[in-house]
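Note: the block below is query.tsv and it holds TSV, C-alpha atoms.
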chain	number	residue	atom	x	y	z
A	1	MET	CA	-18.83	-34.75	-40.75
A	2	PHE	CA	-15.94	-33.28	-38.85
A	3	ARG	CA	-12.37	-33.47	-40.18
A	4	MET	CA	-9.52	-33.63	-37.73
A	5	LEU	CA	-6.10	-32.90	-39.18
A	6	THR	CA	-2.83	-34.33	-37.90
A	7	LEU	CA	0.09	-32.33	-39.29
A	8	CYS	CA	3.61	-33.81	-39.31
A	9	PHE	CA	6.26	-31.11	-39.80
A	10	ALA	CA	9.95	-31.73	-40.42
A	11	LEU	CA	12.45	-29.29	-38.90
A	12	LEU	CA	13.00	-26.30	-41.29
A	13	ASN	CA	10.97	-28.11	-43.90
A	14	ILE	CA	7.66	-26.79	-45.18
A	15	ASN	CA	6.65	-30.20	-46.45
A	16	CYS	CA	4.27	-32.19	-44.31
A	17	ILE	CA	2.18	-35.29	-44.46
A	18	VAL	CA	-1.51	-34.73	-43.76
A	19	LYS	CA	-3.64	-37.55	-42.46
A	20	ILE	CA	-7.38	-36.96	-42.42
A	21	TYR	CA	-9.52	-38.74	-39.87
A	22	ALA	CA	-13.31	-38.66	-40.21
A	23	VAL	CA	-15.11	-38.41	-36.87
A	24	GLU	CA	-18.89	-38.21	-36.77
A	25	PHE	CA	-21.75	-38.61	-34.32
A	26	ARG	CA	-23.79	-41.78	-34.44
A	27	GLU	CA	-26.00	-40.69	-31.55
A	28	GLU	CA	-26.28	-37.26	-29.97
A	29	PRO	CA	-27.71	-36.52	-26.49
A	30	LYS	CA	-31.48	-35.96	-26.48
A	31	SER	CA	-33.61	-33.37	-24.69
A	32	ALA	CA	-35.78	-34.61	-21.83
A	33	VAL	CA	-38.28	-33.56	-19.17
A	34	VAL	CA	-37.80	-35.31	-15.83
A	35	THR	CA	-39.12	-34.99	-12.28
A	36	ALA	CA	-36.86	-33.92	-9.42
A	37	GLY	CA	-35.23	-36.92	-7.75
A	38	GLU	CA	-34.92	-39.02	-10.90
A	39	ASP	CA	-31.65	-39.97	-12.65
A	40	LYS	CA	-31.09	-38.69	-16.19
A	41	PRO	CA	-28.49	-40.28	-18.54
A	42	PHE	CA	-27.23	-38.51	-21.71
A	43	VAL	CA	-25.74	-40.73	-24.42
A	44	CYS	CA	-23.11	-39.63	-26.95
A	45	ALA	CA	-21.82	-42.15	-29.55
A	46	VAL	CA	-19.27	-41.45	-32.32
A	47	SER	CA	-17.41	-43.34	-35.03
A	48	GLY	CA	-13.89	-42.76	-36.32
A	49	MET	CA	-12.51	-41.83	-32.89
A	50	LEU	CA	-8.80	-42.44	-32.24
A	51	ASP	CA	-6.89	-43.08	-29.01
A	52	GLN	CA	-5.66	-39.48	-28.79
A	53	HIS	CA	-9.20	-38.11	-28.95
A	54	GLN	CA	-11.11	-37.33	-25.75
A	55	PHE	CA	-14.78	-36.95	-24.80
A	56	ALA	CA	-15.92	-33.89	-22.85
A	57	TRP	CA	-19.35	-32.92	-21.52
A	58	TYR	CA	-20.63	-29.36	-21.10
A	59	LYS	CA	-23.57	-27.65	-19.43
A	60	GLY	CA	-23.91	-24.39	-21.31
A	61	ASN	CA	-20.31	-23.18	-21.59
A	62	THR	CA	-19.17	-24.87	-18.36
A	63	GLN	CA	-17.07	-28.00	-18.85
A	64	LEU	CA	-18.26	-30.87	-16.65
A	65	THR	CA	-15.91	-33.69	-17.67
A	66	HIS	CA	-12.69	-34.42	-19.56
A	67	GLY	CA	-12.41	-38.02	-20.66
A	68	GLU	CA	-13.43	-40.14	-17.69
A	69	TYR	CA	-12.67	-37.40	-15.17
A	70	ILE	CA	-15.29	-35.08	-13.66
A	71	THR	CA	-14.27	-31.49	-12.98
A	72	SER	CA	-14.35	-30.24	-9.39
A	73	THR	CA	-17.20	-27.79	-9.91
A	74	PRO	CA	-19.71	-27.52	-7.01
A	75	GLY	CA	-22.68	-29.79	-7.67
A	76	ASN	CA	-20.73	-32.19	-9.89
A	77	GLU	CA	-20.59	-34.81	-7.12
A	78	ARG	CA	-23.90	-36.14	-8.47
A	79	LEU	CA	-22.43	-36.71	-11.95
A	80	LEU	CA	-21.26	-40.06	-13.29
A	81	VAL	CA	-19.47	-40.57	-16.61
A	82	THR	CA	-19.03	-43.95	-18.33
A	83	GLN	CA	-17.11	-44.67	-21.54
A	84	LEU	CA	-17.56	-47.73	-23.78
A	85	GLU	CA	-15.75	-48.95	-26.88
A	86	THR	CA	-17.46	-51.28	-29.37
A	87	SER	CA	-16.99	-52.40	-32.95
A	88	LEU	CA	-19.29	-49.55	-34.00
A	89	GLY	CA	-17.28	-46.85	-32.27
A	90	ASN	CA	-17.02	-45.09	-28.91
A	91	THR	CA	-19.73	-44.08	-26.48
A	92	SER	CA	-19.76	-41.71	-23.51
A	93	ILE	CA	-22.69	-41.65	-21.05
A	94	LEU	CA	-23.15	-38.75	-18.65
A	95	THR	CA	-25.63	-39.49	-15.84
A	96	VAL	CA	-27.04	-36.76	-13.64
A	97	ASN	CA	-28.17	-38.50	-10.46
A	98	ASP	CA	-31.00	-37.30	-8.22
A	99	VAL	CA	-31.74	-34.27	-10.42
A	100	VAL	CA	-32.74	-30.95	-8.87
A	101	SER	CA	-34.21	-27.82	-10.46
A	102	SER	CA	-30.75	-26.22	-10.83
A	103	ASP	CA	-29.73	-29.09	-13.16
A	104	SER	CA	-32.03	-27.66	-15.84
A	105	GLY	CA	-30.09	-26.38	-18.85
A	106	ALA	CA	-28.45	-27.31	-22.16
A	107	TYR	CA	-26.00	-30.26	-22.24
A	108	THR	CA	-23.57	-30.96	-25.10
A	109	CYS	CA	-21.03	-33.66	-25.90
A	110	ALA	CA	-17.65	-32.74	-27.44
A	111	ILE	CA	-14.70	-34.68	-28.87
A	112	PHE	CA	-11.23	-33.08	-28.61
A	113	ASN	CA	-8.09	-33.83	-30.59
A	114	PRO	CA	-4.59	-33.19	-29.18
A	115	SER	CA	-4.39	-29.72	-30.78
A	116	GLY	CA	-7.50	-28.61	-28.87
A	117	ARG	CA	-9.90	-28.62	-31.78
A	118	TYR	CA	-13.22	-30.22	-31.09
A	119	LEU	CA	-16.49	-31.45	-32.53
A	120	ARG	CA	-19.55	-30.51	-30.48
A	121	SER	CA	-23.05	-32.00	-30.54
A	122	GLU	CA	-26.31	-30.13	-30.72
A	123	PRO	CA	-27.49	-29.09	-27.24
A	124	ALA	CA	-29.86	-31.38	-25.34
A	125	LYS	CA	-32.21	-29.37	-23.14
A	126	LEU	CA	-32.99	-30.77	-19.70
A	127	VAL	CA	-36.14	-29.53	-17.94
A	128	VAL	CA	-36.59	-30.56	-14.32
A	129	ARG	CA	-40.13	-30.54	-12.96
A	130	SER	CA	-40.10	-29.73	-9.26
A	131	LEU	CA	-41.92	-28.11	-6.38
A	132	PRO	CA	-40.50	-25.01	-4.66
A	133	GLY	CA	-38.49	-25.47	-1.47
A	134	SER	CA	-40.48	-26.30	1.65
A	135	HIS	CA	-39.95	-22.80	3.10
A	136	TYR	CA	-41.95	-21.18	0.27
A	137	PRO	CA	-44.09	-19.12	-0.12
A	138	LEU	CA	-42.67	-16.13	1.79
A	139	CYS	CA	-44.86	-13.13	2.64
A	140	SER	CA	-43.73	-9.60	3.51
A	141	VAL	CA	-45.18	-6.09	3.74
A	142	SER	CA	-43.51	-2.77	2.90
A	143	LYS	CA	-44.74	-1.05	6.10
A	144	THR	CA	-45.74	-2.67	9.37
A	145	ILE	CA	-47.46	0.51	10.60
A	146	ALA	CA	-49.16	2.91	8.18
A	147	VAL	CA	-51.75	5.67	8.16
A	148	VAL	CA	-55.00	6.09	6.26
A	149	GLY	CA	-54.41	7.40	2.74
A	150	SER	CA	-50.93	5.86	2.32
A	151	GLU	CA	-50.01	2.87	0.15
A	152	ILE	CA	-48.49	-0.42	1.24
A	153	THR	CA	-47.21	-3.30	-0.89
A	154	LEU	CA	-47.74	-6.92	0.11
A	155	THR	CA	-45.30	-9.35	-1.51
A	156	CYS	CA	-45.67	-13.12	-1.90
A	157	LYS	CA	-42.46	-14.80	-3.11
A	158	SER	CA	-41.67	-18.31	-4.33
A	159	GLU	CA	-39.07	-20.25	-6.30
A	160	ASN	CA	-39.06	-20.02	-10.10
A	161	VAL	CA	-39.51	-23.70	-11.01
A	162	GLN	CA	-41.11	-25.82	-13.73
A	163	PRO	CA	-44.04	-26.01	-13.95
A	164	PRO	CA	-44.49	-22.44	-12.65
A	165	VAL	CA	-46.37	-22.07	-9.37
A	166	ASP	CA	-49.52	-19.96	-9.03
A	167	LEU	CA	-49.55	-17.34	-6.25
A	168	THR	CA	-52.93	-15.87	-5.23
A	169	TRP	CA	-53.78	-13.24	-2.59
A	170	THR	CA	-57.02	-13.64	-0.62
A	171	GLU	CA	-58.79	-11.74	2.18
A	172	ASP	CA	-61.68	-13.30	4.08
A	173	ASN	CA	-61.64	-16.19	1.53
A	174	LYS	CA	-62.12	-13.74	-1.36
A	175	ILE	CA	-59.58	-13.78	-4.21
A	176	ILE	CA	-57.91	-10.41	-4.84
A	177	ARG	CA	-57.14	-9.54	-8.46
A	178	ASP	CA	-57.21	-5.73	-8.64
A	179	GLY	CA	-53.90	-4.11	-7.74
A	180	THR	CA	-51.85	-7.32	-8.12
A	181	SER	CA	-48.90	-7.91	-10.47
A	182	THR	CA	-46.57	-10.85	-11.16
A	183	LEU	CA	-42.80	-10.42	-11.41
A	184	LYS	CA	-40.19	-13.02	-12.39
A	185	THR	CA	-36.43	-13.28	-12.07
A	186	VAL	CA	-34.11	-16.14	-12.92
A	187	ASP	CA	-34.57	-17.68	-9.47
A	188	GLU	CA	-37.82	-16.26	-8.07
A	189	VAL	CA	-41.42	-15.41	-8.89
A	190	MET	CA	-43.41	-12.80	-6.95
A	191	ASN	CA	-47.01	-11.64	-6.67
A	192	GLU	CA	-47.23	-8.06	-5.42
A	193	PHE	CA	-50.44	-6.45	-4.14
A	194	THR	CA	-50.59	-2.66	-3.70
A	195	LEU	CA	-53.25	-1.37	-1.32
A	196	LEU	CA	-54.40	2.23	-0.68
A	197	LEU	CA	-55.23	2.15	3.00
A	198	ALA	CA	-58.64	3.07	4.40
A	199	LYS	CA	-59.87	2.96	7.97
A	200	ASP	CA	-61.73	-0.29	7.27
A	201	ASN	CA	-58.41	-2.03	6.45
A	202	HIS	CA	-57.38	-1.93	10.12
A	203	GLY	CA	-57.13	-5.46	11.49
A	204	MET	CA	-57.39	-7.17	8.10
A	205	LYS	CA	-55.35	-10.31	7.40
A	206	PHE	CA	-54.22	-11.23	3.87
A	207	ILE	CA	-53.27	-14.79	2.87
A	208	CYS	CA	-51.15	-15.90	-0.11
A	209	LYS	CA	-51.93	-19.35	-1.52
A	210	GLN	CA	-49.35	-21.30	-3.56
A	211	THR	CA	-50.37	-24.11	-5.94
A	212	SER	CA	-48.52	-26.19	-8.55
A	213	ASP	CA	-49.74	-28.33	-11.46
A	214	LEU	CA	-47.14	-30.91	-10.41
A	215	MET	CA	-49.18	-31.62	-7.23
A	216	PRO	CA	-52.56	-29.83	-7.58
A	217	SER	CA	-53.78	-31.03	-4.18
A	218	ASN	CA	-50.69	-29.72	-2.37
A	219	HIS	CA	-51.30	-26.13	-1.18
A	220	SER	CA	-48.94	-23.90	0.81
A	221	TYR	CA	-49.71	-20.60	2.53
A	222	CYS	CA	-48.20	-17.51	4.12
A	223	SER	CA	-49.92	-14.43	5.52
A	224	VAL	CA	-49.61	-10.73	6.35
A	225	GLY	CA	-51.54	-9.05	9.17
A	226	PRO	CA	-53.56	-8.12	11.06
A	227	LEU	CA	-52.78	-4.69	9.58
A	228	ASN	CA	-52.12	-1.81	11.96
A	229	VAL	CA	-53.72	1.19	10.28
A	230	ARG	CA	-53.56	4.49	12.18
A	231	TYR	CA	-56.09	7.27	11.74
A	232	ARG	CA	-57.32	10.36	13.57
A	233	PRO	CA	-60.23	9.76	15.95
A	234	TYR	CA	-63.51	11.62	15.40
A	235	VAL	CA	-64.43	13.87	18.34
A	236	LYS	CA	-67.87	15.44	18.78
A	237	ILE	CA	-69.06	17.66	21.66
A	238	GLN	CA	-72.82	18.00	21.48
A	239	HIS	CA	-73.18	21.00	23.88
A	240	THR	CA	-71.07	23.92	24.98
A	241	TYR	CA	-71.28	25.61	28.39
A	242	THR	CA	-70.43	29.07	29.64
A	243	SER	CA	-69.44	27.60	32.98
A	244	LEU	CA	-66.58	25.11	32.65
A	245	SER	CA	-66.90	23.87	36.25
A	246	TYR	CA	-70.61	23.17	35.72
A	247	PHE	CA	-69.72	21.29	32.51
A	248	VAL	CA	-67.09	19.11	34.24
A	249	LYS	CA	-69.39	18.39	37.16
A	250	HIS	CA	-72.20	17.11	34.94
A	251	LEU	CA	-70.03	15.56	32.22
A	252	GLN	CA	-70.96	12.02	31.14
A	253	ILE	CA	-68.57	10.14	28.84
A	254	HIS	CA	-70.66	7.84	26.71
A	255	GLN	CA	-67.84	6.24	24.69
A	256	LEU	CA	-64.06	6.31	24.76
A	257	THR	CA	-62.01	3.81	22.74
A	258	VAL	CA	-58.34	3.64	21.81
A	259	THR	CA	-56.56	1.58	19.13
A	260	SER	CA	-53.29	-0.17	19.82
A	261	GLY	CA	-50.52	-1.67	17.65
A	262	ARG	CA	-51.76	-5.26	17.70
A	263	SER	CA	-55.13	-4.95	19.35
A	264	THR	CA	-57.37	-7.78	20.44
A	265	PRO	CA	-60.87	-8.02	18.92
A	266	LYS	CA	-62.29	-6.32	22.04
A	267	SER	CA	-60.05	-3.27	21.81
A	268	ARG	CA	-60.11	-2.89	18.01
A	269	VAL	CA	-62.92	-0.70	16.65
A	270	ALA	CA	-63.68	0.53	13.16
A	271	ASN	CA	-64.97	3.99	14.15
A	272	THR	CA	-63.86	5.90	17.26
A	273	ARG	CA	-66.10	8.71	18.59
A	274	TRP	CA	-66.02	10.71	21.80
A	275	ILE	CA	-69.44	12.06	22.85
A	276	ALA	CA	-69.83	14.32	25.83
A	277	GLN	CA	-73.27	15.17	27.16
A	278	GLY	CA	-74.27	17.39	30.09
A	279	LYS	CA	-77.46	18.18	31.90
A	280	TYR	CA	-78.47	21.67	32.94

Show me, as structure tokens, the structure contained in the file I just sent.
Amino acid sequence: MFRMLTLCFALLNINCIVKIYAVEFREEPKSAVVTAGEDKPFVCAVSGMLDQHQFAWYKGNTQLTHGEYITSTPGNERLLVTQLETSLGNTSILTVNDVVSSDSGAYTCAIFNPSGRYLRSEPAKLVVRSLPGSHYPLCSVSKTIAVVGSEITLTCKSENVQPPVDLTWTEDNKIIRDGTSTLKTVDEVMNEFTLLLAKDNHGMKFICKQTSDLMPSNHSYCSVGPLNVRYRPYVKIQHTYTSLSYFVKHLQIHQLTVTSGRSTPKSRVANTRWIAQGKY
């Protein structure tokens, strides 16, 4: 029970008359789990409330309403507050319309007296189940051009929502687990894949798959590649000649291939060799 004191002081007189009003909650707002797009009402009912007392709603430490007025905080345009008075007491209903993931948090109801003192309810936790934004997942790579023996990091990023999404890297329909790590911030979740480049990685394409328990059949993808891996060509001369002009005259080039930045399948090769043969 909360005691609100009204003190009546006479000028230059230490005597006062103290009236004690008992204000208590009959119903406090309740925690809930809802799906994005739904409307969520929070109910707060009290007894012993007087005319000079005011309801106020909070999300965390941010005040959302004062009495029947909604504060001009961005995002509050979807809020609706209703106040009722019955023989049992007073009721305030805060409705969050068309909830989104950012509405998740702790909501409390408070009652203020004219001196600024207040009674505050236990927090009601709101969890909003939602899918990430339609532009997720987002893929990126630390280096667009790299050489054999160096490391690159492939990053797959999504929105940190409830339930959490699952991000998985694949290559040629094979799931990659080694070298991957999951990182989370307040707003985002990331799956990073670190790869030590070899010559065989040239031309590979890596795909990130996003899934959610909210809609298990709904999959989203992003990709990185084909990779442009640079390496030194292998050159082999099978014979040497004392006469350079004789060598040039009888030279036969059996194979000569060159890699390019984004090569087509015809110009991309896994192993480049130059072989020169002569007849004498």

Contact residues around Asp172 (chain A) with only C-alpha atoms at 12 Å, ignoring same-chain residues under 6 positions, as a PyMOL selection string: chain A and resi 201+203-208+223+226

With only C-alpha atoms as the counted atoms, please give the residues lying no more than 8 Å from region 75-88 of chain A, apart from itself and same-chain residues fewer than 5 positions off, as a PyMOL selection string. chain A and resi 47+64-65+68-70+93-98

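If you look at CA of Ser121 (chain A) and CA of Asn160 (chain A), they are 28.6 Å away from each other.
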
Which residues, written as a PDB file with C-alpha atoms, keeping the file's coordinate frame, have at least one atom at most 10 Å from Gly133 (chain A), with all atoms listed in the file counted and residues fewer than 5 positions away on the same chain left out?
ATOM      1  CA  SER A 158     -41.670 -18.310  -4.330  1.00  0.00           C
ATOM      2  CA  GLU A 159     -39.070 -20.250  -6.300  1.00  0.00           C
ATOM      3  CA  VAL A 161     -39.510 -23.700 -11.010  1.00  0.00           C
TER       4      VAL A 161
END

Please, which residues are within 8 Å of (-53.0, 4.8, 12.7) by the file's coordinates, counting only C-alpha atoms, and could they come as a ChimeraX atom specification? /A:145-148,228-232

Go ahead and dump the residues you just picked, C-alpha atoms, as a compact mmCIF listing (two decimals), keeping the file's coordinate frame.
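So the final result, stored in result-v2.txt, reads:
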# COMPACT_ATOMS: atom_id res chain seq x y z
CA ILE A 145 -47.46 0.51 10.60
CA ALA A 146 -49.16 2.91 8.18
CA VAL A 147 -51.75 5.67 8.16
CA VAL A 148 -55.00 6.09 6.26
CA ASN A 228 -52.12 -1.81 11.96
CA VAL A 229 -53.72 1.19 10.28
CA ARG A 230 -53.56 4.49 12.18
CA TYR A 231 -56.09 7.27 11.74
CA ARG A 232 -57.32 10.36 13.57

Have a look at CA of Leu214 (chain A) and CA of Leu183 (chain A) and let me know their distance in Å, one decimal.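 So the answer is 21.0 Å.
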
Using all atoms listed in the file, can you list as JSON, numbers by chain the residues within 6 Å of (-48.5, -21.5, -1.9)? {"A": [137, 209, 210, 211, 219, 220, 221]}

Dump of C-alpha atoms for the selected residues, as a short mmCIF file (atom, residue, chain, number, x, y, z; two decimals), in the frame of the given file:
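Done, and the output landed in selection.cif:
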data_model
loop_
_atom_site.label_atom_id
_atom_site.label_comp_id
_atom_site.auth_asym_id
_atom_site.auth_seq_id
_atom_site.Cartn_x
_atom_site.Cartn_y
_atom_site.Cartn_z
CA PRO A 137 -44.09 -19.12 -0.12
CA LYS A 209 -51.93 -19.35 -1.52
CA GLN A 210 -49.35 -21.30 -3.56
CA THR A 211 -50.37 -24.11 -5.94
CA HIS A 219 -51.30 -26.13 -1.18
CA SER A 220 -48.94 -23.90 0.81
CA TYR A 221 -49.71 -20.60 2.53
#

Two-atom distance - CA of Ser130 (chain A), CA of Val100 (chain A) (Å): 7.5 Å

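Ranking A:Pro41, A:Gly89, A:Trp57, A:Leu195 by their shortest atom-to-atom distance to Phe25 (chain A), with all atoms listed in the file included, puts A:Gly89 first.
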
Given all atoms listed in the file as the counted atoms, nearest of A:Val46, A:Val33, A:Ala110, A:Leu138 to Gly67 (chain A): A:Ala110

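Proximity of A:Val128, A:Leu167, A:Ala56, A:Ile111 to Gly37 (chain A), computed with all atoms listed in the file, is greatest for A:Val128.
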
Taking all atoms of region 62-73 of chain A that appear in the file, build a box with edges along x, y and z, extend it by 5 Å on every side, and state its centre and edge lengths in Å to one decimal, as lines of an AutoDock Vina configuration file.
center_x = -15.8
center_y = -32.5
center_z = -15.0
size_x = 16.8
size_y = 25.3
size_z = 21.3

Could you pull the residues within 7 Å of Leu197 (chain A), counting only C-alpha atoms, minus those fewer than 6 positions along the same chain, as a PyMOL selection string? chain A and resi 148-151

Just C-alpha atoms for this one: save the residues we selected as a PDB file, keeping the file's coordinate frame.
ATOM      1  CA  VAL A 148     -55.000   6.090   6.260  1.00  0.00           C
ATOM      2  CA  GLY A 149     -54.410   7.400   2.740  1.00  0.00           C
ATOM      3  CA  SER A 150     -50.930   5.860   2.320  1.00  0.00           C
ATOM      4  CA  GLU A 151     -50.010   2.870   0.150  1.00  0.00           C
TER       5      GLU A 151
END

Which residues come within 8 Å of Thr108 (chain A), counting only C-alpha atoms, excluding same-chain residues fewer than 4 positions away, as a list in words?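 Counting only C-alpha atoms, the residues come to Pro29, Trp57, Tyr58, Lys59, Gly60, Arg120, Ser121, Glu122, Pro123 and Ala124 of chain A.
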